[in-house]
>>> print(open('query.txt').read())   # compact mmCIF, C-alpha atoms
# COMPACT_ATOMS: atom_id res chain seq x y z
CA MET M 122 123.43 103.80 140.86
CA THR M 123 122.38 105.44 137.59
CA ALA M 124 119.35 103.85 135.91
CA PHE M 125 120.15 103.03 132.27
CA LYS M 126 117.76 102.28 129.41
CA SER M 127 120.08 100.79 126.75
CA ILE M 128 123.12 99.49 128.62
CA LYS M 129 124.00 97.66 131.82
CA TYR M 130 126.81 98.63 134.17
CA GLU M 131 128.37 96.24 136.68
CA THR M 132 131.55 96.02 138.71
CA GLU M 133 133.37 93.06 140.16
CA GLY M 134 136.60 93.68 142.00
CA ARG M 135 138.78 95.94 139.88
CA ILE M 136 136.85 95.35 136.64
CA ALA M 137 133.84 97.33 135.41
CA THR M 138 131.68 95.86 132.65
CA ILE M 139 129.48 97.88 130.30
CA THR M 140 127.00 95.79 128.31
CA LEU M 141 125.13 97.16 125.31
CA ASN M 142 121.69 95.90 126.21
CA ARG M 143 119.26 95.87 123.29
CA PRO M 144 119.64 92.24 122.22
CA GLU M 145 116.28 92.16 120.44
CA ARG M 146 117.74 94.75 117.99
CA LEU M 147 121.30 93.32 117.91
CA ASN M 148 122.17 96.14 120.33
CA ALA M 149 121.50 98.77 117.68
CA ILE M 150 122.21 102.33 118.76
CA ASP M 151 119.16 104.28 119.89
CA MET M 152 118.81 107.82 121.24
CA TYR M 153 120.07 106.78 124.69
CA MET M 154 123.02 104.46 124.10
CA ALA M 155 125.80 106.90 123.24
CA SER M 156 125.28 109.15 126.26
CA GLU M 157 124.81 106.15 128.53
CA ILE M 158 128.17 104.73 127.44
CA ARG M 159 129.79 108.02 128.44
CA GLN M 160 127.96 108.06 131.77
CA ALA M 161 129.09 104.50 132.51
CA VAL M 162 132.71 105.35 131.64
CA GLU M 163 132.48 108.30 134.01
CA LEU M 164 131.18 106.03 136.76
CA ALA M 165 134.13 103.70 136.26
CA ASN M 166 136.61 106.57 136.18
CA ASP M 167 135.18 107.99 139.41
CA ASP M 168 135.41 104.61 141.16
CA ASP M 169 138.86 104.21 142.68
CA ASP M 170 138.31 100.46 142.98
CA VAL M 171 138.02 100.08 139.20
CA HIS M 172 141.22 99.70 137.16
CA VAL M 173 139.90 98.47 133.78
CA ILE M 174 136.65 98.62 131.78
CA VAL M 175 135.24 95.81 129.60
CA LEU M 176 132.64 96.66 126.96
CA THR M 177 130.50 93.94 125.37
CA GLY M 178 127.09 93.28 123.84
CA ALA M 179 124.14 91.29 125.15
CA GLY M 180 122.85 88.34 123.17
CA ARG M 181 124.32 87.11 119.90
CA GLY M 182 126.00 90.28 118.68
CA PHE M 183 128.09 93.26 119.74
CA CYS M 184 126.33 96.08 117.90
CA ALA M 185 124.64 96.32 114.49
CA GLY M 186 125.08 100.10 114.24
CA TYR M 187 122.42 102.77 114.39
CA ASP M 188 118.87 101.44 114.57
CA LEU M 189 117.67 101.84 110.97
CA LYS M 190 114.14 100.86 111.90
CA ALA M 191 113.97 104.01 114.01
CA TYR M 192 116.12 106.38 111.96
CA ALA M 193 115.57 105.30 108.35
CA GLN M 194 112.40 103.20 108.09
CA ARG M 195 110.18 105.35 110.30
CA LYS M 196 108.47 107.93 108.10
CA GLY M 197 109.42 111.57 108.36
CA GLY M 198 112.23 113.38 110.07
CA ASN M 199 114.03 112.55 113.29
CA HIS M 200 117.13 113.84 115.05
CA GLY M 201 119.24 111.93 112.51
CA VAL M 202 117.43 113.11 109.37
CA GLN M 203 116.06 116.57 108.59
CA THR M 204 113.21 116.56 106.08
CA GLN M 205 112.83 120.34 105.93
CA MET M 206 115.07 121.59 103.15
CA PRO M 207 117.50 123.21 102.95
CA TRP M 208 118.79 121.23 105.91
CA ASP M 209 120.88 122.86 108.65
CA PRO M 210 124.32 121.17 108.87
CA SER M 211 125.06 122.83 112.20
CA LEU M 212 122.14 121.09 113.90
CA ASP M 213 123.21 117.70 112.59
CA TYR M 214 126.83 118.33 113.52
CA ARG M 215 125.88 119.28 117.06
CA MET M 216 123.94 116.05 117.49
CA MET M 217 126.50 113.72 115.86
CA LYS M 218 129.53 115.39 117.46
CA ARG M 219 127.95 114.70 120.83
CA ASN M 220 127.62 111.02 119.90
CA THR M 221 131.19 110.93 118.60
CA ASP M 222 132.48 112.44 121.84
CA ASP M 223 130.37 110.00 123.86
CA PHE M 224 131.89 107.03 121.99
CA MET M 225 135.35 108.56 122.37
CA SER M 226 134.91 108.59 126.14
CA LEU M 227 136.13 104.98 125.87
CA TRP M 228 139.35 106.20 124.22
CA ARG M 229 139.74 109.21 126.53
CA SER M 230 138.92 107.19 129.65
CA ASN M 231 141.53 107.43 132.40
CA LYS M 232 141.34 103.65 132.63
CA PRO M 233 142.01 101.05 129.92
CA THR M 234 139.03 99.83 127.91
CA ILE M 235 138.66 96.39 126.34
CA ALA M 236 135.98 95.58 123.76
CA LYS M 237 134.79 91.98 124.01
CA VAL M 238 133.19 91.46 120.60
CA ASN M 239 130.89 88.44 120.63
CA GLY M 240 129.28 88.82 117.19
CA PRO M 241 128.53 91.34 114.43
CA CYS M 242 130.31 94.67 114.95
CA VAL M 243 129.34 96.86 112.03
CA ALA M 244 128.54 100.44 111.06
CA GLY M 245 128.12 102.57 114.21
CA GLY M 246 128.89 99.47 116.25
CA SER M 247 132.40 99.49 114.83
CA ASP M 248 132.67 103.17 115.78
CA ILE M 249 132.08 102.11 119.39
CA ALA M 250 134.41 99.11 119.46
CA LEU M 251 137.28 100.90 117.70
CA CYS M 252 137.26 103.56 120.42
CA CYS M 253 138.38 100.95 122.94
CA ASP M 254 142.08 100.54 123.68
CA LEU M 255 142.07 96.79 123.04
CA ILE M 256 139.65 94.59 121.10
CA ILE M 257 139.25 90.84 121.55
CA ALA M 258 136.78 89.24 119.16
CA SER M 259 135.17 85.87 118.62
CA THR M 260 135.72 84.20 115.28
CA GLU M 261 131.96 84.62 114.83
CA ALA M 262 132.42 88.41 114.69
CA LYS M 263 132.46 90.48 111.51
CA PHE M 264 133.77 94.02 111.19
CA GLY M 265 132.96 96.69 108.64
CA TYR M 266 131.15 99.89 107.78
CA PRO M 267 128.54 99.09 105.09
CA PRO M 268 126.95 102.59 105.28
CA ALA M 269 130.16 103.86 103.69
CA ARG M 270 128.41 102.91 100.42
CA VAL M 271 125.61 105.39 101.11
CA TRP M 272 124.14 107.17 104.18
CA GLY M 273 127.17 107.20 106.44
CA VAL M 274 130.75 108.16 107.29
CA PRO M 275 132.39 106.67 110.42
CA THR M 276 132.44 109.66 112.74
CA THR M 277 135.16 108.42 115.09
CA ALA M 278 137.58 108.10 112.12
CA MET M 279 139.43 105.23 113.81
CA TRP M 280 139.90 103.05 110.71
CA LEU M 281 142.86 105.08 109.44
CA THR M 282 144.41 105.20 112.90
CA ARG M 283 144.28 101.43 113.26
CA ILE M 284 144.95 100.00 109.78
CA GLY M 285 146.52 102.75 107.68
CA ALA M 286 145.40 104.64 104.60
CA GLU M 287 145.26 101.90 101.96
CA ARG M 288 143.23 99.39 103.95
CA ALA M 289 141.02 102.13 105.39
CA LYS M 290 140.26 103.27 101.84
CA LEU M 291 139.48 99.70 100.81
CA MET M 292 136.96 99.37 103.64
CA MET M 293 135.38 102.77 102.97
CA PHE M 294 135.23 102.46 99.18
CA THR M 295 133.58 99.02 99.31
CA GLY M 296 131.70 98.88 102.62
CA GLN M 297 132.76 95.24 102.83
CA LEU M 298 132.84 93.10 105.96
CA ILE M 299 135.94 91.27 107.17
CA SER M 300 136.33 88.35 109.55
CA SER M 301 137.83 88.78 112.99
CA GLU M 302 140.84 86.75 111.83
CA THR M 303 141.48 89.25 109.03
CA ALA M 304 140.85 92.14 111.42
CA ALA M 305 143.51 90.76 113.75
CA ASN M 306 145.98 90.20 110.91
CA TRP M 307 145.48 93.78 109.74
CA GLY M 308 145.91 95.22 113.23
CA LEU M 309 142.33 96.47 113.43
CA ILE M 310 141.79 94.41 116.58
CA THR M 311 144.06 92.87 119.17
CA GLN M 312 143.14 89.20 118.94
CA SER M 313 140.66 86.77 117.39
CA VAL M 314 139.70 83.72 119.46
CA ALA M 315 137.26 80.83 119.32
CA PRO M 316 133.81 81.65 120.73
CA SER M 317 134.36 79.21 123.59
CA GLU M 318 137.55 81.07 124.57
CA LEU M 319 136.27 84.65 124.39
CA ASP M 320 135.11 85.05 127.99
CA SER M 321 138.20 83.45 129.51
CA THR M 322 140.62 85.33 127.24
CA VAL M 323 139.10 88.71 128.10
CA ALA M 324 138.83 87.85 131.80
CA LYS M 325 142.50 86.88 131.92
CA LEU M 326 143.61 90.02 130.09
CA ALA M 327 141.41 92.30 132.20
CA SER M 328 142.66 90.72 135.43
CA HIS M 329 146.28 91.11 134.32
CA ILE M 330 145.75 94.81 133.55
CA ALA M 331 143.70 95.34 136.72
CA ALA M 332 146.71 94.37 138.83
CA VAL M 333 148.60 97.44 137.60
CA PRO M 334 148.33 100.70 139.60
CA ARG M 335 145.81 103.18 138.17
CA ASN M 336 148.40 105.93 137.84
CA GLN M 337 150.66 103.74 135.70
CA LEU M 338 147.78 102.87 133.38
CA LEU M 339 146.76 106.53 133.05
CA MET M 340 150.27 107.69 132.20
CA HIS M 341 150.63 105.13 129.41
CA LYS M 342 147.24 106.06 127.94
CA VAL M 343 148.00 109.79 127.98
CA VAL M 344 151.36 109.33 126.25
CA ILE M 345 150.03 107.06 123.50
CA ASN M 346 146.77 108.97 122.94
CA SER M 347 148.66 112.26 122.75
CA SER M 348 150.81 110.84 119.97
CA VAL M 349 147.72 109.66 118.06
CA ASP M 350 146.15 113.12 118.46
CA GLN M 351 149.27 114.72 117.00
CA GLN M 352 148.82 112.53 113.91
CA GLY M 353 145.52 114.26 113.21
CA LEU M 354 142.73 112.20 114.78
CA PRO M 355 140.75 115.15 116.27
CA THR M 356 140.74 116.98 112.92
CA ALA M 357 139.67 113.81 111.08
CA GLN M 358 136.77 113.40 113.53
CA ILE M 359 135.53 116.94 112.88
CA LEU M 360 135.51 116.28 109.13
CA SER M 361 134.01 112.79 109.35
CA THR M 362 131.27 113.89 111.74
CA PHE M 363 130.33 116.77 109.43
CA PHE M 364 130.46 114.57 106.32
CA ASP M 365 128.32 111.93 108.02
CA GLY M 366 125.52 114.49 108.15
CA VAL M 367 126.13 115.42 104.51
CA SER M 368 125.92 111.76 103.50
CA ARG M 369 122.49 111.39 105.11
CA HIS M 370 121.13 114.53 103.44
CA SER M 371 122.69 114.18 99.98
CA PRO M 372 120.41 113.20 97.07
CA GLU M 373 121.68 109.63 97.40
CA GLY M 374 121.24 109.68 101.18
CA MET M 375 117.65 110.85 100.85
CA TRP M 376 117.12 108.05 98.30
CA PHE M 377 118.16 105.54 100.98
CA LYS M 378 115.77 107.12 103.48
CA LYS M 379 112.91 107.00 100.97
CA GLU M 380 113.66 103.37 100.04
CA SER M 381 113.64 102.46 103.73
CA GLU M 382 110.30 104.17 104.28
CA LEU M 383 108.68 102.61 101.21
CA HIS M 384 110.11 99.08 101.31
CA GLY M 385 111.62 98.67 104.79
CA TYR M 386 115.21 99.22 105.86
CA LYS M 387 116.19 95.60 105.15
CA GLU M 388 115.33 96.01 101.47
CA ALA M 389 117.14 99.36 101.35
CA VAL M 390 120.22 97.71 102.88
CA ARG M 391 119.98 94.86 100.37
CA LYS M 392 120.00 97.33 97.50
CA ARG M 393 122.87 99.26 99.08
CA ASP M 394 125.04 96.17 99.45
CA SER M 395 124.02 94.31 96.26
CA GLY M 396 126.80 95.70 94.08
CA GLU M 397 124.24 97.30 91.78
CA ILE M 398 124.28 101.04 91.08
CA ILE M 399 123.20 102.93 94.19
CA ALA M 400 120.50 105.60 93.91
CA PRO M 401 120.15 105.46 90.11
CA GLY M 402 119.19 108.79 88.61
CA CYS M 403 119.66 110.69 91.87
CA SER M 404 123.19 112.02 91.54
CA ARG M 405 123.41 115.62 90.36
CA ARG M 406 125.73 116.98 87.71
CA MET M 407 127.63 120.22 87.80
CA ALA M 408 125.86 122.95 85.87
CA LYS M 409 127.63 123.96 82.67
CA LEU M 410 128.53 127.59 82.11
>>> encode(input="query.txt", output="structure tokens")
Amino acid sequence: MTAFKSIKYETEGRIATITLNRPERLNAIDMYMASEIRQAVELANDDDDVHVIVLTGAGRGFCAGYDLKAYAQRKGGNHGVQTQMPWDPSLDYRMMKRNTDDFMSLWRSNKPTIAKVNGPCVAGGSDIALCCDLIIASTEAKFGYPPARVWGVPTTAMWLTRIGAERAKLMMFTGQLISSETAANWGLITQSVAPSELDSTVAKLASHIAAVPRNQLLMHKVVINSSVDQQGLPTAQILSTFFDGVSRHSPEGMWFKKESELHGYKEAVRKRDSGEIIAPGCSRRMAKL
């Protein structure tokens, strides 16, 4: 069995479970998690006994997004931020496209995937959950992409696919969070349930799906996913993955990185989400002829 650093992988009967396993950091995404998700999906796909995959988070949350303590607060460059200017967009794109494809392994999986969201599911964490075929969330869960305000673009581009243009724009323009009840009403997720009912609801659904032959499940996924692809999802992911790198290296993005280094990422996030002007004095103006 593959040894993982940031996830756990288990099987019981026809159900495989992938657990994001950094509870001390609200399962924030580190340099290992994305590729380990893909590896675990591949293990499940290669196991003829497995018919369905459940993805969840350890501890009190699903996933808080990328680990800002590592990527924003830590001084200097890292594989998510280039400090040598001019920056090279191709290097960033190569790195982030790999992460996007790793998350999308849940969507491309030959077997159905169910996200069991037990708490906060924000920023890059929402990228992961929205790549699953079905999403069941506790009423304690919140969904959103706060880095849409500065320093991020959701690379999997699943918001438009799930909730349409107007609501996707609302979420991206504001970076607001919504409850799991609202997420269910909008069609972002499948169902919102009481915390005490989350485990049993997902177990019942997974068992019901697991009774179906693997070939039937695969055929349905291929048909539906092919239709979504025809609507433009792969192209949107290329653009969003490229623009995510731009957003981290723009004048405003570098302001967020500097604020995180000087005052800590929590203070930078507070300023980002406060409703006050973001990165005052940093935005450039077009040169006049």
>>> closest_atom_pairs(input="query.txt", of="region 162-199 of chain M", to="region 219-232 of chain M", cutoff="10 Å", atoms="only C-alpha atoms", output="CSV")
residue,atom,partner,partner_atom,distance
M:Val162,CA,M:Leu227,CA,6.7
M:Glu163,CA,M:Ser230,CA,7.9
M:Ala165,CA,M:Lys232,CA,8.1
M:Asn166,CA,M:Asn231,CA,6.3
M:Asp167,CA,M:Asn231,CA,9.5
M:Val171,CA,M:Lys232,CA,8.2
M:His172,CA,M:Lys232,CA,6.0
M:Val173,CA,M:Lys232,CA,5.5
M:Ile174,CA,M:Lys232,CA,6.9
M:Val175,CA,M:Leu227,CA,9.9
M:Leu176,CA,M:Leu227,CA,9.1
>>> write_last_selection(input="query.txt", atoms="C-alpha atoms", output="PDB file, in the frame of the given file")
ATOM      1  CA  VAL M 162     132.710 105.350 131.640  1.00  0.00           C
ATOM      2  CA  GLU M 163     132.480 108.300 134.010  1.00  0.00           C
ATOM      3  CA  ALA M 165     134.130 103.700 136.260  1.00  0.00           C
ATOM      4  CA  ASN M 166     136.610 106.570 136.180  1.00  0.00           C
ATOM      5  CA  ASP M 167     135.180 107.990 139.410  1.00  0.00           C
ATOM      6  CA  VAL M 171     138.020 100.080 139.200  1.00  0.00           C
ATOM      7  CA  HIS M 172     141.220  99.700 137.160  1.00  0.00           C
ATOM      8  CA  VAL M 173     139.900  98.470 133.780  1.00  0.00           C
ATOM      9  CA  ILE M 174     136.650  98.620 131.780  1.00  0.00           C
ATOM     10  CA  VAL M 175     135.240  95.810 129.600  1.00  0.00           C
ATOM     11  CA  LEU M 176     132.640  96.660 126.960  1.00  0.00           C
TER      12      LEU M 176
END
>>> closest_atom_pairs(input="query.txt", of="region 209-275 of chain M", to="region 288-308 of chain M", cutoff="7 Å", atoms="all atoms listed in the file", output="JSON lines")
{"residue": "M:Ala258", "atom": "CA", "partner": "M:Ser301", "partner_atom": "CA", "distance": 6.3}
{"residue": "M:Ser259", "atom": "CA", "partner": "M:Ser301", "partner_atom": "CA", "distance": 6.9}
{"residue": "M:Thr260", "atom": "CA", "partner": "M:Ser301", "partner_atom": "CA", "distance": 5.5}
{"residue": "M:Ala262", "atom": "CA", "partner": "M:Ser301", "partner_atom": "CA", "distance": 5.7}
{"residue": "M:Lys263", "atom": "CA", "partner": "M:Ser300", "partner_atom": "CA", "distance": 4.8}
{"residue": "M:Phe264", "atom": "CA", "partner": "M:Ile299", "partner_atom": "CA", "distance": 5.3}
{"residue": "M:Gly265", "atom": "CA", "partner": "M:Leu298", "partner_atom": "CA", "distance": 4.5}
{"residue": "M:Tyr266", "atom": "CA", "partner": "M:Gly296", "partner_atom": "CA", "distance": 5.3}
{"residue": "M:Pro267", "atom": "CA", "partner": "M:Gly296", "partner_atom": "CA", "distance": 4.0}
{"residue": "M:Pro268", "atom": "CA", "partner": "M:Gly296", "partner_atom": "CA", "distance": 6.6}
{"residue": "M:Ala269", "atom": "CA", "partner": "M:Gly296", "partner_atom": "CA", "distance": 5.3}
{"residue": "M:Arg270", "atom": "CA", "partner": "M:Gly296", "partner_atom": "CA", "distance": 5.6}
>>> residues_around(input="query.txt", residues="region 152-158 of chain M", least_positions_apart="6", cutoff="12 Å", atoms="all atoms listed in the file", output="PyMOL selection string")
chain M and resi 123-130+138-143+164-165+174-178+184+186-189+191-192+199-201+216-228+230+234+245-246+248-250+252-253
>>> closest_residue(input="query.txt", among="M:Lys190, M:Arg393, M:Asp168, M:Ala315", to="Gly134 (chain M)", atoms="only C-alpha atoms")
M:Asp168
>>> closest_residue(input="query.txt", among="M:Leu255, M:Leu147, M:Ala286, M:Ala357", to="Gly240 (chain M)", atoms="all atoms listed in the file")
M:Leu147
>>> atom_distance(input="query.txt", atom1="CA of Ala400 (chain M)", atom2="CA of Gln205 (chain M)")
20.5 Å
>>> build_atoms(input="query.txt", residues="region 277-290 of chain M", atoms="N, CA, C and O atoms", output="CSV table (one decimal), keeping the file's coordinate frame")
chain,number,residue,atom,x,y,z
M,277,THR,N,134.0,108.5,114.2
M,277,THR,CA,135.2,108.4,115.1
M,277,THR,C,136.5,108.3,114.3
M,277,THR,O,137.5,108.5,114.9
M,278,ALA,N,136.4,108.1,113.0
M,278,ALA,CA,137.6,108.1,112.1
M,278,ALA,C,138.7,107.2,112.6
M,278,ALA,O,139.9,107.6,112.4
M,279,MET,N,138.4,106.1,113.2
M,279,MET,CA,139.4,105.2,113.8
M,279,MET,C,140.0,104.2,112.8
M,279,MET,O,141.0,103.6,113.1
M,280,TRP,N,139.4,104.1,111.7
M,280,TRP,CA,139.9,103.0,110.7
M,280,TRP,C,141.3,103.4,110.2
M,280,TRP,O,142.2,102.5,110.2
M,281,LEU,N,141.5,104.7,109.9
M,281,LEU,CA,142.9,105.1,109.4
M,281,LEU,C,143.9,104.9,110.6
M,281,LEU,O,145.0,104.4,110.3
M,282,THR,N,143.5,105.3,111.8
M,282,THR,CA,144.4,105.2,112.9
M,282,THR,C,144.9,103.8,113.1
M,282,THR,O,146.0,103.5,113.5
M,283,ARG,N,144.0,102.8,112.9
M,283,ARG,CA,144.3,101.4,113.3
M,283,ARG,C,144.9,100.6,112.1
M,283,ARG,O,145.7,99.8,112.4
M,284,ILE,N,144.5,100.9,110.9
M,284,ILE,CA,145.0,100.0,109.8
M,284,ILE,C,145.6,100.7,108.6
M,284,ILE,O,146.0,100.1,107.6
M,285,GLY,N,145.8,102.0,108.7
M,285,GLY,CA,146.5,102.8,107.7
M,285,GLY,C,145.6,103.2,106.5
M,285,GLY,O,144.5,102.7,106.4
M,286,ALA,N,146.2,104.0,105.6
M,286,ALA,CA,145.4,104.6,104.6
M,286,ALA,C,144.9,103.7,103.6
M,286,ALA,O,143.7,103.7,103.2
M,287,GLU,N,145.7,102.8,103.1
M,287,GLU,CA,145.3,101.9,102.0
M,287,GLU,C,144.1,101.0,102.4
M,287,GLU,O,143.1,100.9,101.7
M,288,ARG,N,144.3,100.3,103.5
M,288,ARG,CA,143.2,99.4,104.0
M,288,ARG,C,142.0,100.2,104.4
M,288,ARG,O,140.9,99.7,104.2
M,289,ALA,N,142.2,101.3,105.0
M,289,ALA,CA,141.0,102.1,105.4
M,289,ALA,C,140.2,102.5,104.2
M,289,ALA,O,139.0,102.5,104.1
M,290,LYS,N,140.9,102.9,103.1
M,290,LYS,CA,140.3,103.3,101.8
M,290,LYS,C,139.5,102.1,101.3
M,290,LYS,O,138.4,102.2,100.8
